[in-house]
Amino acid sequence: MSKRKRWISLLLATSLVMTLTGCGGEKKEEKSDEIITLRILENDTAKQEGYLDELLSSFNEAYKDKGIQAVDANMEEYSDLATNGPYGYGPDVIYQANDKLMTYAEDKHILPLTIEDFDCYEYIPEEAWDAFRIQIDGETYCCGIPVNIQEPMLFYREDRMPENWETEWDDDQNGVADFFENWNDLYAYSKYLRDTDTSPNKDSQYGFMSSFNDLYLNGQFLFSYGAYVFAENEDGTLDAQDIGMSAGNAAAGLCGLRQMAALMNEGCIDDTIKMNRYEKIANGTYFCTVSTPDTYSLFIEKLVLAYEGEGMNEAEAAEKATENLKMIELPSLMPADGDLSKDSAEMSEDDWVSTIVMGGVNGYGISSYTEHREACMEFVNFATSYEMIQKRMDMLGIAPTRSDVAEASGGVTDMIFQSLENGNIYLMPSIKAVDQIWVPTHTLLGDIAKDPFREAVGETPKYSSGQDIQTALEKVDKDIYDAIYTLK
Amino acid sequence: MEHPKKRPHLSFPVKASMCIMGTGQLLQKQWVKGLLYLACFAAYIIYLAVMGVEDMIGFFTLGTVKGDEWLGIEGDDSIMMLLRGLLAFVITIFFIGIHKSNINDVRESDRKIKAGVALPGFKRACEIFFDKKFYIAALAVPVLGVMIFNILPIVFMILIAFTNYGGDIVPPELVDWIGFDNFKKILALSEIKDTFFKILGWNIAWAVISTLVNYFGGLGLALLLNKKCVRKKAFWRAFPILAYAVPGFITLLGFKFMFSYGGPINYYITLHGGSAIGFLDIDAGMKAKIIGVLVNAWISVPTSMLLATGILSNINHDLYDAASIDGASKWKQFIKITLPFVVFSTTPTLITSFVNNFNNFGIFYFLRGGLYNKGYFLASDTDLLINWLYNLSIDNNYYGIGAAISLIIFLITSTFSMITYVRSNAYKKEDTYR
Amino acid sequence: MKKKKFWNSSRIDSLFTHIVLIAVCSVFAFPVLWLVMASFSKSGSIYDIEGFFPDTLSLASYKNLFLDTAMYDYPNWLKNTLFVAVFSSLIGTVLVILTAYTISRFEFKSRKLLMKSTLVLSMFPSFMGMTAVYLIMVNFNLINQLWSLILIYVAGAPMGYLVQKGYFDTISSTIYEAARVDGATNFKVFTKITLPLSKPIIVYTALTQFAWPWSDFILPNMLLKNKNLWTVAVGLTHLDETQFTRFAAGSVFIAVPIVVLYFALSKFLVAGVSDGAVKG
């Protein structure tokens, strides 16, 4: 038997393989006339709804002669460029949210771009570009091309509007229900729904519903009141040492959140509402809920199912669902003192602050590890053209950052665009330290949302006064600071 | 065996093999063997020349050129250099081992030639080796695999504990050796110390309780199924096995949903007029801990039941008969006969189970992730050390500190388990069985 | 003398035993049943199920699972998982059995050291080494390959040799010695004597070696970037949160082979694990 020989040859083979693969990593491919293939990482919704196919095929059609073709990178939508890129496993072009992309930019995993070269440059507002700007050694670079704005939106079924809303719930008679204009009326209507719930367990009709443990969806309770995540230096960069969750009148805002929670059920403490909102809007249990524009198709899907359950055929159901499901911006006025229970009729203009929600800008970045920078830029230029953005909006229901597309479509899309321009969207800070803000704030928001339910079962509430909330917020600031700096 | 004294009288082939592997064998006309050794030697030299030396140097410098992808500067990847340096050392150790075997082999042949014994041919030599040193041949591949995929990563992590890797220092930044700074930091920072001891206390309690619950749960179930009055044992045993078959993370996600505010349990509570209970939310504390133990039992009891069933079938039934005659009660029989036997037989598995529970990452990661409690630094009150480590090193990127803490935990737990293991009867009396 | 009562103590005992058994078994069965029922829910989500079980049942989830593969290619995941699990199980079993047998049977210098170090090694939090595993795989160009997963599973398998070693400890060494006297080589002893005697433990090992890759998602998640290579566990964890019934259907479907295997081999299992544990 030649077992030993086999062992030894195995060993030799292994060492040989080690040597070869070791060198393999350093080998650079020579440029040739072959077709350049770009790997594009898009998000799952774009893939699911067929937009990605559309984009790739139109691009490949247009660039057939130039020898460039784009393919789906076929990776997980949130996959991390920092772990994949340097070793050659990353995509060439990546579509992600601004906070994520700019984390890569800090370590130069994505390329700085000469944004003036892109056709979309002049149509996109500065606010959106700012989300992708970064200062390195005193120089400002822009590392991403904005595509669409993400902000929490209100979703509701039009047929669930109270029949008499035009007379009873539209004091200013402007044709928009008051509860979509200010939070006090939204509170009042939610309270009305709860009070008139006649089901044995009082769980058949709710007004506004949201999983309060989520900062992104509920940022308006903080940012409308002067809170900020990181303070801005004079030169526009962010100072991660100055954390301002407790700044301004944020505690008042959270008092409002606490009031609102009392009109919901315990589902607002954890992710429950975030999970069941699609069904509960479809079956009418919740009057309205908060979610991001990219989930529009999920609401439709569930509503279609509900209609099909009532005996409609597919086409009818789909048509009725699109007609019936509405997506609008959150009410634009919040009470300055945070007291949602006050009657809006008795409030003057000074008693309001305008709603500032938390939002983000999704966009394209180009990997620093791509071998075809020029081709990538061509692709991004193509993907952010009027036609493609238009198509993206039609297919995915997103709110584009391109002013021309937003204007042409009008309606909600344009409103979101305006909000961004008017500063009513607090963009997620584009620095790495932002990773540390989520868990501490989620924990606190969930805890405050639980407070009304503590009272209901006879426990002592933890946040009965604004002062308690202020202290807790300051603790959150400190926790975030510690998380960032303790171990540095 | 060789004696050091003999060294001065090295024969020429031995000397030759000492300098260049395989040449001695060739001189002794052991062609195949010699060529193989020579090839190994050549391979190693080539490896050193091409990358080995560079890798070893890199291990100490951890890179000198900071990369800048924007300027097209390909920098040094410190972490990769650390790993490649480590690999270079492992390969070198491996080579030294082969080299030693090469010298021993030449000496052995030398001795045989002097004694006038004919050297076996290559094939025959292999056969002899394979039979006489069967354990080496059999364990070579497993040991090699474990070395590369278990030991190497652990050594790597231990080394990381002495670097400043993590936080802002991730590639393309260059990592540096910083000695014991991470450990000093841990000892100096009160937040970390407090959190560490709080979690350690709960972690130990958790490991003890859940090991006992799983163990006695399994044993109790096995005893129940073992009763004479229970027929169709296979049928009853099917249920726990069903639970075993569903992959753990699916079970955990399912349980998380069941205990959530929108889950079926709270649905029934509210349906009957009660108010929903936050089984796993921020205030849950004890409730969440108990649910953790129970869910863990649900997952682990089936295995320990299987184990116990088998062991019980091995008990000598004469013992029970004798005890019955003596009038011992059922309970007494259990305490005096069953329990000692079972515990004695399963000490090693008990230790393994303790260790697994101590490092049980999944339970609280899935059931109650994403919460930080008051008084804890980057952790919640149900988190085990392993969850905390995960928060520190994966979620928050503090690899260096995380590695340092895991090293401390590792020292504590391994000392403990080693002492228990070495003291256990099963270990001491291992040989008496054979 | 006492009258023979219907409710004598053994009958009461039996009744009591069965009540407890029914209770315990329902505790085990219920969540599984819930998962199975959820997978048959018509609406595609569990959030409109009132209480534990859905009102209307349908096979839609299973149909989607296998036919609607544009986003979630379950059949492909299943194929990948099967490939990885089968080969890991085959090779892993060989290595574990070989390791356990060698450590049980042979006395050699570093034997105790080997045993102690495996115990200590298993104490190390494994994910802390994941970075290193990832880098090793990157270094050898083994990312995005199913074989690299098999390599890692197989390499780690011998660490769990303890139960198997216990099994071999119970085989009396006299058989071996007799065979050795008859001139059989150690390899022959292993193949001709040990293996035929160890069917139960081989089955047990093969099953556990199969079950691990079958349901693991940490490693494949790290090493398989390409969606076409995903295994079932990775795929399921990436399902959208609103796709719960599909998740449930997918979970039920991957639990089935394990259940079937366990039932088919349950005799071997009990025998294998028991003999092994006695002196493990």
# chains A, B, ... in the order shown; residues from 1 in each chain; ligands from 1

call {"tool": "residues_around", "arguments": {"residues": "Leu26 of chain B", "least_positions_apart": "5", "cutoff": "12 Å", "atoms": "only C-alpha atoms", "output": "ChimeraX atom specification"}}
result
/B:12-14,16-17,20-21,31-38,102,105-106,109

call {"tool": "write_last_selection", "arguments": {"atoms": "N, CA and C atoms", "output": "CSV table (one decimal), in the first residue's frame"}}
result
chain,number,residue,atom,x,y,z
B,12,PHE,N,27.8,10.4,7.1
B,12,PHE,CA,27.6,11.4,6.1
B,12,PHE,C,26.2,11.6,5.6
B,13,PRO,N,25.5,10.5,5.3
B,13,PRO,CA,24.1,10.7,4.9
B,13,PRO,C,23.3,11.5,5.9
B,14,VAL,N,23.5,11.2,7.2
B,14,VAL,CA,22.7,12.0,8.2
B,14,VAL,C,23.0,13.5,8.1
B,16,ALA,N,24.2,15.0,5.5
B,16,ALA,CA,23.6,15.5,4.2
B,16,ALA,C,22.1,15.8,4.4
B,17,SER,N,21.4,14.8,5.0
B,17,SER,CA,20.0,15.0,5.2
B,17,SER,C,19.6,16.2,6.1
B,20,ILE,N,20.2,19.2,3.5
B,20,ILE,CA,19.2,19.2,2.5
B,20,ILE,C,18.4,17.9,2.6
B,21,MET,N,17.2,18.1,3.0
B,21,MET,CA,16.3,17.0,3.2
B,21,MET,C,16.3,16.0,2.1
B,31,TRP,N,15.5,5.7,-3.1
B,31,TRP,CA,15.2,6.6,-4.1
B,31,TRP,C,13.9,7.4,-3.9
B,32,VAL,N,12.8,6.6,-3.8
B,32,VAL,CA,11.5,7.3,-3.8
B,32,VAL,C,11.4,8.2,-2.6
B,33,LYS,N,11.7,7.6,-1.4
B,33,LYS,CA,11.7,8.4,-0.2
B,33,LYS,C,12.5,9.6,-0.3
B,34,GLY,N,13.7,9.4,-0.8
B,34,GLY,CA,14.6,10.6,-0.9
B,34,GLY,C,14.1,11.7,-1.8
B,35,LEU,N,13.5,11.3,-2.9
B,35,LEU,CA,13.0,12.3,-3.9
B,35,LEU,C,11.8,13.0,-3.3
B,36,LEU,N,11.0,12.2,-2.5
B,36,LEU,CA,9.8,12.9,-1.9
B,36,LEU,C,10.3,13.9,-0.9
B,37,TYR,N,11.2,13.5,-0.1
B,37,TYR,CA,11.7,14.5,0.9
B,37,TYR,C,12.4,15.7,0.2
B,38,LEU,N,13.1,15.4,-0.8
B,38,LEU,CA,13.8,16.5,-1.6
B,38,LEU,C,12.7,17.4,-2.2
B,102,ASN,N,12.6,13.2,8.7
B,102,ASN,CA,13.6,12.9,7.7
B,102,ASN,C,14.9,12.5,8.3
B,105,ASP,N,14.6,9.2,10.0
B,105,ASP,CA,14.5,8.2,9.0
B,105,ASP,C,15.9,7.8,8.6
B,106,VAL,N,16.8,8.8,8.3
B,106,VAL,CA,18.1,8.5,7.8
B,106,VAL,C,18.9,7.8,8.9
B,109,SER,N,17.8,4.2,9.1
B,109,SER,CA,18.4,3.4,8.0
B,109,SER,C,19.9,3.2,8.2

call {"tool": "select_by_dssp", "arguments": {"residues": "segment 126-373 of chain A", "states": "alpha helix (DSSP H)", "output": "ChimeraX atom specification"}}
result
/A:126-130,165-168,183-195,215-218,220-223,250-261,272-282,296-309,314-324,373

call {"tool": "write_last_selection", "arguments": {"atoms": "C-alpha atoms", "output": "PDB file, in the first residue's frame"}}
result
ATOM      1  CA  GLU A 126     -28.130  70.328  -2.992  1.00  0.00           C
ATOM      2  CA  GLU A 127     -29.729  68.723   0.070  1.00  0.00           C
ATOM      3  CA  ALA A 128     -29.631  65.351  -1.647  1.00  0.00           C
ATOM      4  CA  TRP A 129     -26.055  65.779  -2.806  1.00  0.00           C
ATOM      5  CA  ASP A 130     -25.065  66.807   0.706  1.00  0.00           C
ATOM      6  CA  TRP A 165     -65.107  63.879   7.439  1.00  0.00           C
ATOM      7  CA  GLU A 166     -65.791  66.825   5.190  1.00  0.00           C
ATOM      8  CA  THR A 167     -68.147  68.305   7.724  1.00  0.00           C
ATOM      9  CA  GLU A 168     -66.826  66.991  11.014  1.00  0.00           C
ATOM     10  CA  TRP A 183     -51.048  65.632  14.992  1.00  0.00           C
ATOM     11  CA  ASN A 184     -53.578  66.911  17.505  1.00  0.00           C
ATOM     12  CA  ASP A 185     -56.427  66.038  15.207  1.00  0.00           C
ATOM     13  CA  LEU A 186     -54.819  62.728  14.334  1.00  0.00           C
ATOM     14  CA  TYR A 187     -54.743  62.104  18.065  1.00  0.00           C
ATOM     15  CA  ALA A 188     -58.328  63.262  18.426  1.00  0.00           C
ATOM     16  CA  TYR A 189     -59.563  61.023  15.628  1.00  0.00           C
ATOM     17  CA  SER A 190     -57.609  58.047  16.964  1.00  0.00           C
ATOM     18  CA  LYS A 191     -59.152  58.682  20.371  1.00  0.00           C
ATOM     19  CA  TYR A 192     -62.588  58.916  18.808  1.00  0.00           C
ATOM     20  CA  LEU A 193     -62.069  55.561  17.123  1.00  0.00           C
ATOM     21  CA  ARG A 194     -60.911  53.961  20.348  1.00  0.00           C
ATOM     22  CA  ASP A 195     -63.784  55.422  22.346  1.00  0.00           C
ATOM     23  CA  LEU A 215     -36.393  55.696  15.670  1.00  0.00           C
ATOM     24  CA  TYR A 216     -36.487  55.939  11.908  1.00  0.00           C
ATOM     25  CA  LEU A 217     -40.275  55.717  11.711  1.00  0.00           C
ATOM     26  CA  ASN A 218     -40.867  57.949  14.721  1.00  0.00           C
ATOM     27  CA  GLN A 220     -40.637  63.305  14.135  1.00  0.00           C
ATOM     28  CA  PHE A 221     -41.265  63.124  17.884  1.00  0.00           C
ATOM     29  CA  LEU A 222     -37.644  64.171  18.391  1.00  0.00           C
ATOM     30  CA  PHE A 223     -36.437  66.116  15.379  1.00  0.00           C
ATOM     31  CA  ALA A 250     -37.241  66.772  22.584  1.00  0.00           C
ATOM     32  CA  ALA A 251     -38.712  65.668  25.901  1.00  0.00           C
ATOM     33  CA  ALA A 252     -41.966  67.417  25.020  1.00  0.00           C
ATOM     34  CA  GLY A 253     -42.071  65.540  21.748  1.00  0.00           C
ATOM     35  CA  LEU A 254     -41.731  62.253  23.542  1.00  0.00           C
ATOM     36  CA  CYS A 255     -44.533  63.236  25.929  1.00  0.00           C
ATOM     37  CA  GLY A 256     -46.636  63.340  22.775  1.00  0.00           C
ATOM     38  CA  LEU A 257     -45.392  59.926  21.780  1.00  0.00           C
ATOM     39  CA  ARG A 258     -46.375  58.618  25.184  1.00  0.00           C
ATOM     40  CA  GLN A 259     -49.868  60.055  24.789  1.00  0.00           C
ATOM     41  CA  MET A 260     -50.208  58.504  21.374  1.00  0.00           C
ATOM     42  CA  ALA A 261     -49.077  55.115  22.650  1.00  0.00           C
ATOM     43  CA  THR A 272     -45.554  43.835  16.259  1.00  0.00           C
ATOM     44  CA  ILE A 273     -47.150  46.756  14.452  1.00  0.00           C
ATOM     45  CA  LYS A 274     -44.254  46.987  12.040  1.00  0.00           C
ATOM     46  CA  MET A 275     -44.972  43.395  11.093  1.00  0.00           C
ATOM     47  CA  ASN A 276     -48.756  43.332  11.013  1.00  0.00           C
ATOM     48  CA  ARG A 277     -49.444  46.810   9.623  1.00  0.00           C
ATOM     49  CA  TYR A 278     -49.927  45.478   6.083  1.00  0.00           C
ATOM     50  CA  GLU A 279     -52.701  43.073   7.107  1.00  0.00           C
ATOM     51  CA  LYS A 280     -54.282  45.350   9.631  1.00  0.00           C
ATOM     52  CA  ILE A 281     -54.572  48.206   7.165  1.00  0.00           C
ATOM     53  CA  ALA A 282     -55.963  45.798   4.591  1.00  0.00           C
ATOM     54  CA  TYR A 296     -46.070  50.552  -0.926  1.00  0.00           C
ATOM     55  CA  SER A 297     -46.266  47.378  -2.976  1.00  0.00           C
ATOM     56  CA  LEU A 298     -46.586  45.253   0.175  1.00  0.00           C
ATOM     57  CA  PHE A 299     -49.641  47.208   1.317  1.00  0.00           C
ATOM     58  CA  ILE A 300     -51.158  46.772  -2.120  1.00  0.00           C
ATOM     59  CA  GLU A 301     -50.383  43.062  -2.124  1.00  0.00           C
ATOM     60  CA  LYS A 302     -52.191  42.477   1.158  1.00  0.00           C
ATOM     61  CA  LEU A 303     -55.129  44.622   0.156  1.00  0.00           C
ATOM     62  CA  VAL A 304     -55.477  42.679  -3.072  1.00  0.00           C
ATOM     63  CA  LEU A 305     -55.502  39.463  -1.065  1.00  0.00           C
ATOM     64  CA  ALA A 306     -58.196  40.868   1.178  1.00  0.00           C
ATOM     65  CA  TYR A 307     -60.361  41.828  -1.792  1.00  0.00           C
ATOM     66  CA  GLU A 308     -59.833  38.462  -3.395  1.00  0.00           C
ATOM     67  CA  GLY A 309     -61.007  36.955  -0.143  1.00  0.00           C
ATOM     68  CA  GLU A 314     -57.559  39.332  -9.520  1.00  0.00           C
ATOM     69  CA  ALA A 315     -57.810  42.265 -11.898  1.00  0.00           C
ATOM     70  CA  GLU A 316     -60.710  43.849 -10.059  1.00  0.00           C
ATOM     71  CA  ALA A 317     -58.997  43.439  -6.742  1.00  0.00           C
ATOM     72  CA  ALA A 318     -55.773  44.944  -8.009  1.00  0.00           C
ATOM     73  CA  GLU A 319     -57.557  47.896  -9.494  1.00  0.00           C
ATOM     74  CA  LYS A 320     -59.625  48.538  -6.416  1.00  0.00           C
ATOM     75  CA  ALA A 321     -56.588  48.227  -4.155  1.00  0.00           C
ATOM     76  CA  THR A 322     -54.539  50.777  -6.093  1.00  0.00           C
ATOM     77  CA  GLU A 323     -57.510  53.092  -6.109  1.00  0.00           C
ATOM     78  CA  ASN A 324     -58.173  52.702  -2.426  1.00  0.00           C
ATOM     79  CA  ARG A 373     -14.455  53.001 -13.539  1.00  0.00           C
TER      80      ARG A 373
END

call {"tool": "residues_around", "arguments": {"residues": "Asp131 of chain B", "least_positions_apart": "4", "cutoff": "9 Å", "atoms": "only C-alpha atoms", "output": "PyMOL selection string"}}
result
(chain B and resi 126-127+135+137) or (chain C and resi 185-187)

call {"tool": "residues_around", "arguments": {"residues": "segment 376-389 of chain A", "least_positions_apart": "4", "cutoff": "10 Å", "atoms": "only C-alpha atoms", "output": "ChimeraX atom specification"}}
result
/A:36-40,51,54-56,58-60,62-63,68-70,92-95,113-115,117-121,123,144-148,363-367,370-372,393-395,398-406

call {"tool": "closest_atom_pairs", "arguments": {"of": "chain B", "to": "chain A", "cutoff": "6 Å", "atoms": "only C-alpha atoms", "output": "CSV"}}
result
residue,atom,partner,partner_atom,distance
B:Glu69,CA,A:Ser368,CA,6.0
B:Lys123,CA,A:Ser2,CA,5.9
B:Cys126,CA,A:Arg4,CA,5.5
B:Glu127,CA,A:Met1,CA,5.9
B:Tyr261,CA,A:Gly267,CA,5.3
B:Gly262,CA,A:Thr272,CA,5.3
B:Gly370,CA,A:Val439,CA,5.9
B:Leu371,CA,A:Thr443,CA,5.6

call {"tool": "residues_around", "arguments": {"residues": "Lys289 of chain B", "least_positions_apart": "5", "cutoff": "10 Å", "atoms": "only C-alpha atoms", "output": "ChimeraX atom specification"}}
result
/B:202,206,279-280,284,294-295,364,381-383

call {"tool": "interface_residues", "arguments": {"of": "chain C", "to": "chain A", "cutoff": "10 Å", "atoms": "only C-alpha atoms", "output": "PyMOL selection string"}}
result
chain C and resi 42-48+70-72+134-135+138-144+221-222+224-228+230+235+238+240-242

call {"tool": "write_last_selection", "arguments": {"atoms": "N, CA and C atoms", "output": "JSON list (two decimals), in the first residue's frame"}}
result
[["chain", "number", "residue", "atom", "x", "y", "z"],
["C", 42, "LYS", "N", -53.64, 30.58, 4.35],
["C", 42, "LYS", "CA", -53.94, 31.03, 3.00],
["C", 42, "LYS", "C", -53.38, 32.43, 2.72],
["C", 43, "SER", "N", -53.39, 33.26, 3.74],
["C", 43, "SER", "CA", -53.11, 34.67, 3.48],
["C", 43, "SER", "C", -51.63, 34.97, 3.24],
["C", 44, "GLY", "N", -50.76, 34.03, 3.56],
["C", 44, "GLY", "CA", -49.35, 34.29, 3.32],
["C", 44, "GLY", "C", -48.67, 34.97, 4.50],
["C", 45, "SER", "N", -49.42, 35.23, 5.55],
["C", 45, "SER", "CA", -48.83, 35.92, 6.69],
["C", 45, "SER", "C", -49.48, 35.38, 7.96],
["C", 46, "ILE", "N", -48.78, 35.45, 9.08],
["C", 46, "ILE", "CA", -49.41, 34.93, 10.29],
["C", 46, "ILE", "C", -50.10, 36.02, 11.09],
["C", 47, "TYR", "N", -49.98, 37.26, 10.63],
["C", 47, "TYR", "CA", -50.47, 38.33, 11.48],
["C", 47, "TYR", "C", -51.98, 38.50, 11.43],
["C", 48, "ASP", "N", -52.59, 37.84, 10.47],
["C", 48, "ASP", "CA", -54.04, 37.91, 10.47],
["C", 48, "ASP", "C", -54.64, 36.61, 11.00],
["C", 70, "ALA", "N", -38.38, 33.36, -8.64],
["C", 70, "ALA", "CA", -37.63, 34.50, -9.16],
["C", 70, "ALA", "C", -36.78, 35.15, -8.08],
["C", 71, "MET", "N", -37.39, 35.42, -6.93],
["C", 71, "MET", "CA", -36.66, 36.06, -5.84],
["C", 71, "MET", "C", -36.07, 35.04, -4.88],
["C", 72, "TYR", "N", -36.85, 34.05, -4.57],
["C", 72, "TYR", "CA", -36.45, 33.08, -3.54],
["C", 72, "TYR", "C", -36.43, 31.69, -4.18],
["C", 134, "TYR", "N", -12.88, 33.44, 7.66],
["C", 134, "TYR", "CA", -13.19, 34.18, 6.43],
["C", 134, "TYR", "C", -11.91, 34.54, 5.68],
["C", 135, "LEU", "N", -10.93, 35.05, 6.43],
["C", 135, "LEU", "CA", -9.68, 35.45, 5.78],
["C", 135, "LEU", "C", -8.94, 34.26, 5.18],
["C", 138, "VAL", "N", -10.66, 33.50, 2.04],
["C", 138, "VAL", "CA", -10.33, 34.51, 1.04],
["C", 138, "VAL", "C", -8.94, 34.25, 0.48],
["C", 139, "ASN", "N", -8.02, 33.96, 1.38],
["C", 139, "ASN", "CA", -6.64, 33.75, 1.00],
["C", 139, "ASN", "C", -6.48, 32.59, 0.03],
["C", 140, "PHE", "N", -7.28, 31.56, 0.22],
["C", 140, "PHE", "CA", -7.18, 30.41, -0.67],
["C", 140, "PHE", "C", -8.22, 30.43, -1.77],
["C", 141, "ASN", "N", -8.83, 31.60, -1.96],
["C", 141, "ASN", "CA", -9.81, 31.74, -3.04],
["C", 141, "ASN", "C", -10.97, 30.78, -2.94],
["C", 142, "LEU", "N", -11.46, 30.56, -1.76],
["C", 142, "LEU", "CA", -12.51, 29.57, -1.56],
["C", 142, "LEU", "C", -13.86, 30.19, -1.24],
["C", 143, "ILE", "N", -13.98, 31.50, -1.49],
["C", 143, "ILE", "CA", -15.29, 32.14, -1.30],
["C", 143, "ILE", "C", -16.19, 31.75, -2.46],
["C", 144, "ASN", "N", -17.48, 31.71, -2.20],
["C", 144, "ASN", "CA", -18.44, 31.37, -3.25],
["C", 144, "ASN", "C", -18.26, 29.97, -3.80],
["C", 221, "ASN", "N", -23.66, 31.82, 5.25],
["C", 221, "ASN", "CA", -23.98, 33.23, 5.10],
["C", 221, "ASN", "C", -22.72, 34.06, 4.88],
["C", 222, "MET", "N", -21.65, 33.61, 5.53],
["C", 222, "MET", "CA", -20.40, 34.34, 5.43],
["C", 222, "MET", "C", -19.65, 34.02, 4.14],
["C", 224, "LEU", "N", -20.88, 32.37, 1.24],
["C", 224, "LEU", "CA", -21.56, 32.32, -0.05],
["C", 224, "LEU", "C", -22.16, 33.68, -0.36],
["C", 225, "LYS", "N", -21.51, 34.41, -1.23],
["C", 225, "LYS", "CA", -21.99, 35.74, -1.56],
["C", 225, "LYS", "C", -23.04, 35.67, -2.66],
["C", 226, "ASN", "N", -22.84, 34.70, -3.51],
["C", 226, "ASN", "CA", -23.71, 34.59, -4.67],
["C", 226, "ASN", "C", -25.03, 33.93, -4.28],
["C", 227, "LYS", "N", -26.12, 34.59, -4.62],
["C", 227, "LYS", "CA", -27.42, 34.06, -4.21],
["C", 227, "LYS", "C", -27.71, 32.68, -4.78],
["C", 228, "ASN", "N", -27.14, 32.38, -5.93],
["C", 228, "ASN", "CA", -27.40, 31.07, -6.52],
["C", 228, "ASN", "C", -26.83, 29.95, -5.68],
["C", 230, "TRP", "N", -26.78, 29.97, -2.32],
["C", 230, "TRP", "CA", -27.33, 29.95, -0.96],
["C", 230, "TRP", "C", -27.87, 28.58, -0.57],
["C", 235, "GLY", "N", -31.13, 31.25, 2.89],
["C", 235, "GLY", "CA", -32.25, 31.79, 2.14],
["C", 235, "GLY", "C", -33.41, 32.14, 3.04],
["C", 238, "HIS", "N", -33.14, 35.25, 4.96],
["C", 238, "HIS", "CA", -33.23, 36.48, 4.18],
["C", 238, "HIS", "C", -34.61, 36.70, 3.60],
["C", 240, "ASP", "N", -38.25, 38.01, 3.29],
["C", 240, "ASP", "CA", -38.85, 39.23, 3.81],
["C", 240, "ASP", "C", -39.74, 38.91, 5.01],
["C", 241, "GLU", "N", -39.81, 39.83, 5.94],
["C", 241, "GLU", "CA", -40.55, 39.56, 7.18],
["C", 241, "GLU", "C", -42.04, 39.29, 6.94],
["C", 242, "THR", "N", -42.54, 39.76, 5.81],
["C", 242, "THR", "CA", -43.96, 39.54, 5.55],
["C", 242, "THR", "C", -44.22, 38.19, 4.91]]

call {"tool": "atom_distance", "arguments": {"atom1": "atom CA of Ile149 of chain A", "atom2": "atom CA of Pro429 of chain A"}}
result
14.2 Å

call {"tool": "closest_residue", "arguments": {"among": "A:Gln135, A:Pro293, A:Ile124, A:Cys288", "to": "Glu407 of chain A", "atoms": "only C-alpha atoms"}}
result
A:Ile124

call {"tool": "atom_distance", "arguments": {"atom1": "atom CA of Ala161 of chain B", "atom2": "atom CA of Phe249 of chain B"}}
result
29.9 Å

call {"tool": "closest_residue", "arguments": {"among": "A:Asp242, A:Asp65, A:Asp197, A:Asp159", "to": "Lys478 of chain A", "atoms": "only C-alpha atoms"}}
result
A:Asp242
